[in-house]
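A.B. asks: Before we start, here is the structure in question, set down as structure tokens.
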Amino acid sequence: AARRLGALRISPRAMRLYVVRHAQSANNALAHPSLMNPDRDSDPSLTEVGFKQAECVARFLKEEYGAGAERCAVENRIGRLYSSPMRRCMLTSTPIARELGLDITVRGDIFEHGGCFEGSADGAVKGRPGMGTEQLEREFPGCVVPAELDKGWWKESRGVETVEEAQERIASVVKWLWELAEASKPRDGAVCIVVHGMFIDILCKQLAGAPMSVGKQSAMFCTNNAGVHAFELLVAPEGNIAGMLRFNQVDRIPVELQTGGSLDGLDECYMNEGSA
């Protein structure tokens with residue numbers, strides 16, 4: 001309903017946001033995906049289970065929130081799809097884009113805490129640039145890559161991004177999401193972003209206005225691989241409101257294929273830089 005502001009009546013505007021964690025990656029399947037594990041990959045692919053999860057979540061999004069989803073209001077159907085530039089997210093986004101009939105738009109600021117880097121047995125870190133335009137377009141034909149990612153999305157000299165740096169970056173992402181909400185029209189449809197576990201935890205806390213801290217956390221939002229969250233971003237004269245409508249939807253993924261969502265695993269990411 002419209003709300004009164006002085007002599008004017010201004011209707012609040014809402015944008016639906018779907019946040020998807022990537023399917024199981026090769027690093028997720030490691031017992032200890034730390035800097036010192038020689039089997040850790042700087043930009044891993046999905047596991048066999050992960051590819052199956054990606055197909056499951058793509059069908060779920062199409063049936064529940066796609067263009068033909070009759071039970072979903074038109075303005076809440078997904079009309080825009082953004083992905084982290086990391087391979088595990090792009091591979092998860094690929095079947096989602098196919099099922100929804102959308103292009104993948106790559107965003108260079110929605111990667112996982114830490115960035116793109118390699119570790120070693122002695123704990124030394126070497127940054128990697130990540131996939132640039134040529135590689136992204138070759139591996140994921142039709143994706144939309146911004147010009148600034150031409151040579152990659154990570155600066156090798158940065159090594160590992162700290163938790164505090166990740167929190168600052170994700171605060172900028174939250175600002176971008178509110179800008180989308182403010183400009184959004186019903187015909188634009190909902191926004192879907194395919195991102196990462198620790199990214200989602202920080203995002204949820206920032207949307208809720210929770211204080212940020214480093215090190216041991218007192219509360220965390222844990223997400224299964226290919227889990228889906230639904231938010232509503234309400235823009236109103238009295239102040240914006242972020243509402244969580246659905247949390248960690250994985251019911252369409254068979255139990256035997258469900259992975260991730262570990263409290264211990266997420267805690268490790270905060271306590272030991274480079275474990276994400």
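Starting from 1 in every chain, residues are counted up; chains themselves are A, B, ... following the order of the structure tokens, and ligands are numbered from 1 as listed.
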Write out as an NGL selection string which residues come within 8 Å of Ala166 of chain A when counting only C-alpha atoms, dropping same-chain ones fewer than 4 positions away.
C.D. replies: :A and (113-114 or 161-162 or 170)
A.B. asks: What lies within 10 Å of segment 203-219 of chain A using only C-alpha atoms, ignoring chain neighbours under 3 positions off, as a PyMOL selection string?
C.D. replies: chain A and resi 19+162-164+167-168+170-171+173-175+178+197-200+222+229+231+233+241-244+263+266-273
A.B. asks: Output the selection as a JSON list (two decimals), in the first residue's frame - N, CA and C atoms for each residue.
C.D. replies:
```
[["chain", "number", "residue", "atom", "x", "y", "z"],
["A", 19, "VAL", "N", 19.92, -15.60, -3.90],
["A", 19, "VAL", "CA", 21.36, -15.79, -3.69],
["A", 19, "VAL", "C", 21.64, -17.28, -3.68],
["A", 162, "THR", "N", 42.19, -10.37, 3.08],
["A", 162, "THR", "CA", 41.87, -10.60, 4.49],
["A", 162, "THR", "C", 40.35, -10.59, 4.69],
["A", 163, "VAL", "N", 39.90, -11.07, 5.84],
["A", 163, "VAL", "CA", 38.48, -11.05, 6.17],
["A", 163, "VAL", "C", 37.96, -9.61, 6.19],
["A", 164, "GLU", "N", 38.73, -8.71, 6.80],
["A", 164, "GLU", "CA", 38.31, -7.31, 6.87],
["A", 164, "GLU", "C", 38.17, -6.71, 5.48],
["A", 167, "GLN", "N", 34.98, -7.99, 3.92],
["A", 167, "GLN", "CA", 33.81, -7.32, 4.49],
["A", 167, "GLN", "C", 33.61, -5.94, 3.86],
["A", 168, "GLU", "N", 34.69, -5.21, 3.64],
["A", 168, "GLU", "CA", 34.61, -3.90, 2.99],
["A", 168, "GLU", "C", 34.12, -4.04, 1.55],
["A", 170, "ILE", "N", 32.29, -6.48, 0.26],
["A", 170, "ILE", "CA", 30.90, -6.92, 0.21],
["A", 170, "ILE", "C", 29.95, -5.79, 0.63],
["A", 171, "ALA", "N", 30.44, -4.86, 1.45],
["A", 171, "ALA", "CA", 29.64, -3.67, 1.76],
["A", 171, "ALA", "C", 29.36, -2.89, 0.49],
["A", 173, "VAL", "N", 29.18, -4.27, -2.49],
["A", 173, "VAL", "CA", 28.22, -5.09, -3.23],
["A", 173, "VAL", "C", 26.80, -4.83, -2.72],
["A", 174, "VAL", "N", 26.64, -4.72, -1.40],
["A", 174, "VAL", "CA", 25.33, -4.42, -0.82],
["A", 174, "VAL", "C", 24.83, -3.07, -1.32],
["A", 175, "LYS", "N", 25.72, -2.10, -1.40],
["A", 175, "LYS", "CA", 25.35, -0.78, -1.94],
["A", 175, "LYS", "C", 24.85, -0.91, -3.37],
["A", 178, "TRP", "N", 21.32, -2.39, -3.45],
["A", 178, "TRP", "CA", 20.30, -1.38, -3.12],
["A", 178, "TRP", "C", 20.09, -0.42, -4.28],
["A", 197, "GLY", "N", 30.11, -19.48, -0.14],
["A", 197, "GLY", "CA", 29.62, -19.69, 1.21],
["A", 197, "GLY", "C", 29.95, -18.58, 2.19],
["A", 198, "MET", "N", 31.22, -18.20, 2.28],
["A", 198, "MET", "CA", 31.59, -17.14, 3.22],
["A", 198, "MET", "C", 31.07, -15.79, 2.74],
["A", 199, "PHE", "N", 31.06, -15.58, 1.44],
["A", 199, "PHE", "CA", 30.47, -14.37, 0.88],
["A", 199, "PHE", "C", 29.02, -14.23, 1.35],
["A", 200, "ILE", "N", 28.27, -15.32, 1.30],
["A", 200, "ILE", "CA", 26.85, -15.29, 1.70],
["A", 200, "ILE", "C", 26.71, -14.96, 3.18],
["A", 222, "CYS", "N", 25.08, -20.50, 7.50],
["A", 222, "CYS", "CA", 25.74, -21.60, 6.77],
["A", 222, "CYS", "C", 24.88, -22.06, 5.60],
["A", 229, "HIS", "N", 18.89, -18.83, -1.25],
["A", 229, "HIS", "CA", 18.25, -17.91, -0.31],
["A", 229, "HIS", "C", 17.41, -16.91, -1.10],
["A", 231, "PHE", "N", 15.57, -13.10, -0.77],
["A", 231, "PHE", "CA", 15.44, -11.86, -0.02],
["A", 231, "PHE", "C", 14.47, -10.93, -0.74],
["A", 233, "LEU", "N", 14.23, -6.78, -1.06],
["A", 233, "LEU", "CA", 14.82, -5.50, -0.74],
["A", 233, "LEU", "C", 13.76, -4.43, -0.97],
["A", 241, "ILE", "N", 14.37, -1.66, 3.87],
["A", 241, "ILE", "CA", 14.28, -2.87, 4.69],
["A", 241, "ILE", "C", 14.69, -4.07, 3.84],
["A", 242, "ALA", "N", 15.56, -4.91, 4.41],
["A", 242, "ALA", "CA", 15.93, -6.17, 3.76],
["A", 242, "ALA", "C", 15.27, -7.31, 4.53],
["A", 243, "GLY", "N", 14.49, -8.12, 3.84],
["A", 243, "GLY", "CA", 13.82, -9.25, 4.48],
["A", 243, "GLY", "C", 14.29, -10.57, 3.89],
["A", 244, "MET", "N", 14.61, -11.53, 4.76],
["A", 244, "MET", "CA", 14.94, -12.87, 4.29],
["A", 244, "MET", "C", 13.66, -13.69, 4.23],
["A", 263, "LEU", "N", 29.19, -25.79, 9.87],
["A", 263, "LEU", "CA", 29.56, -24.70, 10.77],
["A", 263, "LEU", "C", 31.06, -24.68, 11.00],
["A", 266, "LEU", "N", 32.92, -23.17, 7.92],
["A", 266, "LEU", "CA", 32.83, -21.72, 7.81],
["A", 266, "LEU", "C", 33.64, -21.04, 8.90],
["A", 267, "ASP", "N", 33.63, -21.61, 10.09],
["A", 267, "ASP", "CA", 34.43, -21.07, 11.19],
["A", 267, "ASP", "C", 35.91, -21.09, 10.83],
["A", 268, "GLU", "N", 36.35, -22.15, 10.17],
["A", 268, "GLU", "CA", 37.75, -22.27, 9.75],
["A", 268, "GLU", "C", 38.15, -21.13, 8.82],
["A", 269, "CYS", "N", 37.22, -20.71, 7.96],
["A", 269, "CYS", "CA", 37.50, -19.62, 7.02],
["A", 269, "CYS", "C", 37.76, -18.31, 7.75],
["A", 270, "TYR", "N", 37.08, -18.08, 8.86],
["A", 270, "TYR", "CA", 37.30, -16.86, 9.63],
["A", 270, "TYR", "C", 38.57, -16.95, 10.48],
["A", 271, "MET", "N", 38.87, -18.13, 10.97],
["A", 271, "MET", "CA", 39.99, -18.28, 11.90],
["A", 271, "MET", "C", 41.33, -18.42, 11.18],
["A", 272, "ASN", "N", 41.31, -18.96, 9.96],
["A", 272, "ASN", "CA", 42.55, -19.17, 9.23],
["A", 272, "ASN", "C", 42.44, -18.62, 7.81],
["A", 273, "GLU", "N", 43.09, -17.50, 7.56],
["A", 273, "GLU", "CA", 43.03, -16.88, 6.24],
["A", 273, "GLU", "C", 43.47, -17.87, 5.17]]
```
A.B. asks: Tell me, in Å to one decimal, how far atom CA of Pro186 of chain A is from atom CA of Val74 of chain A.
C.D. replies: 7.4 Å
A.B. asks: Write out as a PyMOL selection string each polymer residue whose atoms come within 10 Å of Glu182 of chain A, counting only C-alpha atoms; drop sequence neighbours fewer than 5 positions from it.
C.D. replies: chain A and resi 12-15+176-177+233-236+240
A.B. asks: Measure the distance from atom CA of Ser93 of chain A to atom CA of Arg71 of chain A in Å and round it to one decimal.
C.D. replies: 23.2 Å
A.B. asks: Hey, what does DSSP flag as strand (DSSP E) within segment 94-255 of chain A? Can you give it to me as a ChimeraX atom specification?
C.D. replies: /A:105-106,117-118,126-127,190-195,228-235,241-249
A.B. asks: Selection from above, N, CA and C atoms, as a PDB file, in the first residue's frame, can you write it?
C.D. replies:
```
ATOM      1  N   THR A 105      25.976 -12.585 -16.540  1.00  0.00           N
ATOM      2  CA  THR A 105      26.800 -11.381 -16.453  1.00  0.00           C
ATOM      3  C   THR A 105      27.810 -11.587 -15.336  1.00  0.00           C
ATOM      4  N   VAL A 106      29.082 -11.487 -15.673  1.00  0.00           N
ATOM      5  CA  VAL A 106      30.149 -11.721 -14.695  1.00  0.00           C
ATOM      6  C   VAL A 106      30.406 -10.433 -13.929  1.00  0.00           C
ATOM      7  N   PHE A 117      44.419 -17.502  -5.419  1.00  0.00           N
ATOM      8  CA  PHE A 117      45.784 -17.652  -4.912  1.00  0.00           C
ATOM      9  C   PHE A 117      46.153 -19.123  -4.769  1.00  0.00           C
ATOM     10  N   GLU A 118      47.443 -19.367  -4.737  1.00  0.00           N
ATOM     11  CA  GLU A 118      47.973 -20.708  -4.478  1.00  0.00           C
ATOM     12  C   GLU A 118      48.755 -20.676  -3.180  1.00  0.00           C
ATOM     13  N   LYS A 126      50.922 -17.293  -3.285  1.00  0.00           N
ATOM     14  CA  LYS A 126      51.176 -16.663  -4.577  1.00  0.00           C
ATOM     15  C   LYS A 126      49.847 -16.358  -5.233  1.00  0.00           C
ATOM     16  N   GLY A 127      49.603 -15.079  -5.506  1.00  0.00           N
ATOM     17  CA  GLY A 127      48.357 -14.687  -6.141  1.00  0.00           C
ATOM     18  C   GLY A 127      48.300 -15.089  -7.605  1.00  0.00           C
ATOM     19  N   ALA A 190      13.372 -10.273 -11.042  1.00  0.00           N
ATOM     20  CA  ALA A 190      14.239 -10.438  -9.882  1.00  0.00           C
ATOM     21  C   ALA A 190      15.693 -10.595 -10.308  1.00  0.00           C
ATOM     22  N   VAL A 191      16.575 -10.444  -9.329  1.00  0.00           N
ATOM     23  CA  VAL A 191      18.014 -10.604  -9.530  1.00  0.00           C
ATOM     24  C   VAL A 191      18.460 -11.904  -8.871  1.00  0.00           C
ATOM     25  N   CYS A 192      19.321 -12.635  -9.562  1.00  0.00           N
ATOM     26  CA  CYS A 192      19.921 -13.854  -9.006  1.00  0.00           C
ATOM     27  C   CYS A 192      21.435 -13.705  -9.078  1.00  0.00           C
ATOM     28  N   ILE A 193      22.109 -13.926  -7.952  1.00  0.00           N
ATOM     29  CA  ILE A 193      23.570 -13.908  -7.943  1.00  0.00           C
ATOM     30  C   ILE A 193      24.073 -15.287  -7.497  1.00  0.00           C
ATOM     31  N   VAL A 194      25.095 -15.777  -8.179  1.00  0.00           N
ATOM     32  CA  VAL A 194      25.696 -17.077  -7.854  1.00  0.00           C
ATOM     33  C   VAL A 194      27.055 -16.788  -7.243  1.00  0.00           C
ATOM     34  N   VAL A 195      27.195 -17.120  -5.960  1.00  0.00           N
ATOM     35  CA  VAL A 195      28.362 -16.694  -5.200  1.00  0.00           C
ATOM     36  C   VAL A 195      28.891 -17.832  -4.312  1.00  0.00           C
ATOM     37  N   VAL A 228      19.838 -22.140  -1.911  1.00  0.00           N
ATOM     38  CA  VAL A 228      19.236 -20.910  -2.430  1.00  0.00           C
ATOM     39  C   VAL A 228      18.595 -20.115  -1.296  1.00  0.00           C
ATOM     40  N   HIS A 229      18.893 -18.826  -1.246  1.00  0.00           N
ATOM     41  CA  HIS A 229      18.247 -17.913  -0.313  1.00  0.00           C
ATOM     42  C   HIS A 229      17.413 -16.911  -1.101  1.00  0.00           C
ATOM     43  N   ALA A 230      16.292 -16.496  -0.558  1.00  0.00           N
ATOM     44  CA  ALA A 230      15.458 -15.475  -1.202  1.00  0.00           C
ATOM     45  C   ALA A 230      15.304 -14.289  -0.259  1.00  0.00           C
ATOM     46  N   PHE A 231      15.570 -13.100  -0.772  1.00  0.00           N
ATOM     47  CA  PHE A 231      15.443 -11.858  -0.018  1.00  0.00           C
ATOM     48  C   PHE A 231      14.473 -10.929  -0.738  1.00  0.00           C
ATOM     49  N   GLU A 232      13.895 -10.014   0.012  1.00  0.00           N
ATOM     50  CA  GLU A 232      13.176  -8.909  -0.588  1.00  0.00           C
ATOM     51  C   GLU A 232      13.833  -7.626  -0.108  1.00  0.00           C
ATOM     52  N   LEU A 233      14.226  -6.784  -1.056  1.00  0.00           N
ATOM     53  CA  LEU A 233      14.820  -5.497  -0.738  1.00  0.00           C
ATOM     54  C   LEU A 233      13.761  -4.431  -0.974  1.00  0.00           C
ATOM     55  N   LEU A 234      13.256  -3.874   0.118  1.00  0.00           N
ATOM     56  CA  LEU A 234      12.167  -2.904   0.062  1.00  0.00           C
ATOM     57  C   LEU A 234      12.729  -1.499   0.187  1.00  0.00           C
ATOM     58  N   VAL A 235      12.475  -0.675  -0.833  1.00  0.00           N
ATOM     59  CA  VAL A 235      12.905   0.722  -0.842  1.00  0.00           C
ATOM     60  C   VAL A 235      11.704   1.580  -0.471  1.00  0.00           C
ATOM     61  N   ILE A 241      14.367  -1.664   3.871  1.00  0.00           N
ATOM     62  CA  ILE A 241      14.280  -2.867   4.687  1.00  0.00           C
ATOM     63  C   ILE A 241      14.689  -4.073   3.845  1.00  0.00           C
ATOM     64  N   ALA A 242      15.561  -4.913   4.407  1.00  0.00           N
ATOM     65  CA  ALA A 242      15.929  -6.175   3.764  1.00  0.00           C
ATOM     66  C   ALA A 242      15.268  -7.309   4.531  1.00  0.00           C
ATOM     67  N   GLY A 243      14.494  -8.123   3.836  1.00  0.00           N
ATOM     68  CA  GLY A 243      13.822  -9.251   4.477  1.00  0.00           C
ATOM     69  C   GLY A 243      14.288 -10.566   3.894  1.00  0.00           C
ATOM     70  N   MET A 244      14.608 -11.532   4.761  1.00  0.00           N
ATOM     71  CA  MET A 244      14.941 -12.870   4.288  1.00  0.00           C
ATOM     72  C   MET A 244      13.657 -13.692   4.228  1.00  0.00           C
ATOM     73  N   LEU A 245      13.293 -14.142   3.042  1.00  0.00           N
ATOM     74  CA  LEU A 245      12.046 -14.880   2.830  1.00  0.00           C
ATOM     75  C   LEU A 245      12.241 -16.387   2.845  1.00  0.00           C
ATOM     76  N   ARG A 246      13.358 -16.845   2.323  1.00  0.00           N
ATOM     77  CA  ARG A 246      13.680 -18.272   2.285  1.00  0.00           C
ATOM     78  C   ARG A 246      15.153 -18.434   2.624  1.00  0.00           C
ATOM     79  N   PHE A 247      15.467 -19.508   3.372  1.00  0.00           N
ATOM     80  CA  PHE A 247      16.865 -19.717   3.760  1.00  0.00           C
ATOM     81  C   PHE A 247      17.335 -21.108   3.356  1.00  0.00           C
ATOM     82  N   ASN A 248      18.406 -21.156   2.589  1.00  0.00           N
ATOM     83  CA  ASN A 248      19.098 -22.411   2.260  1.00  0.00           C
ATOM     84  C   ASN A 248      18.153 -23.471   1.697  1.00  0.00           C
ATOM     85  N   GLN A 249      17.450 -23.132   0.636  1.00  0.00           N
ATOM     86  CA  GLN A 249      16.551 -24.098  -0.007  1.00  0.00           C
ATOM     87  C   GLN A 249      17.369 -25.170  -0.735  1.00  0.00           C
TER      88      GLN A 249
END
```
A.B. asks: Contacts of segment 252-257 of chain A at 8 Å or less, counting only C-alpha atoms, minus same-chain residues fewer than 2 places along, as a compact mmCIF listing (two decimals) with N, CA and C atoms, in the first residue's frame?
C.D. replies:
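Wrote it out as selection37.txt, contents follow:
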```txt
# COMPACT_ATOMS: atom_id res chain seq x y z
N VAL A 49 29.64 -34.82 -8.12
CA VAL A 49 28.45 -34.50 -7.33
C VAL A 49 28.05 -33.05 -7.57
N LYS A 52 26.02 -32.50 -10.67
CA LYS A 52 24.65 -32.96 -10.48
C LYS A 52 23.86 -31.95 -9.66
N GLN A 53 24.48 -31.39 -8.63
CA GLN A 53 23.81 -30.37 -7.81
C GLN A 53 23.44 -29.15 -8.67
N CYS A 56 20.40 -29.77 -10.58
CA CYS A 56 19.22 -29.78 -9.69
C CYS A 56 18.77 -28.36 -9.36
N VAL A 57 19.73 -27.50 -9.00
CA VAL A 57 19.34 -26.14 -8.61
C VAL A 57 18.85 -25.35 -9.82
N PHE A 60 15.26 -26.34 -10.28
CA PHE A 60 14.49 -25.75 -9.19
C PHE A 60 14.20 -24.27 -9.46
N GLN A 249 17.45 -23.13 0.64
CA GLN A 249 16.55 -24.10 -0.01
C GLN A 249 17.37 -25.17 -0.74
N VAL A 250 17.27 -26.40 -0.29
CA VAL A 250 17.97 -27.52 -0.92
C VAL A 250 17.06 -28.73 -1.09
N THR A 259 25.65 -31.54 0.14
CA THR A 259 26.96 -31.37 0.76
C THR A 259 27.08 -29.93 1.26
```
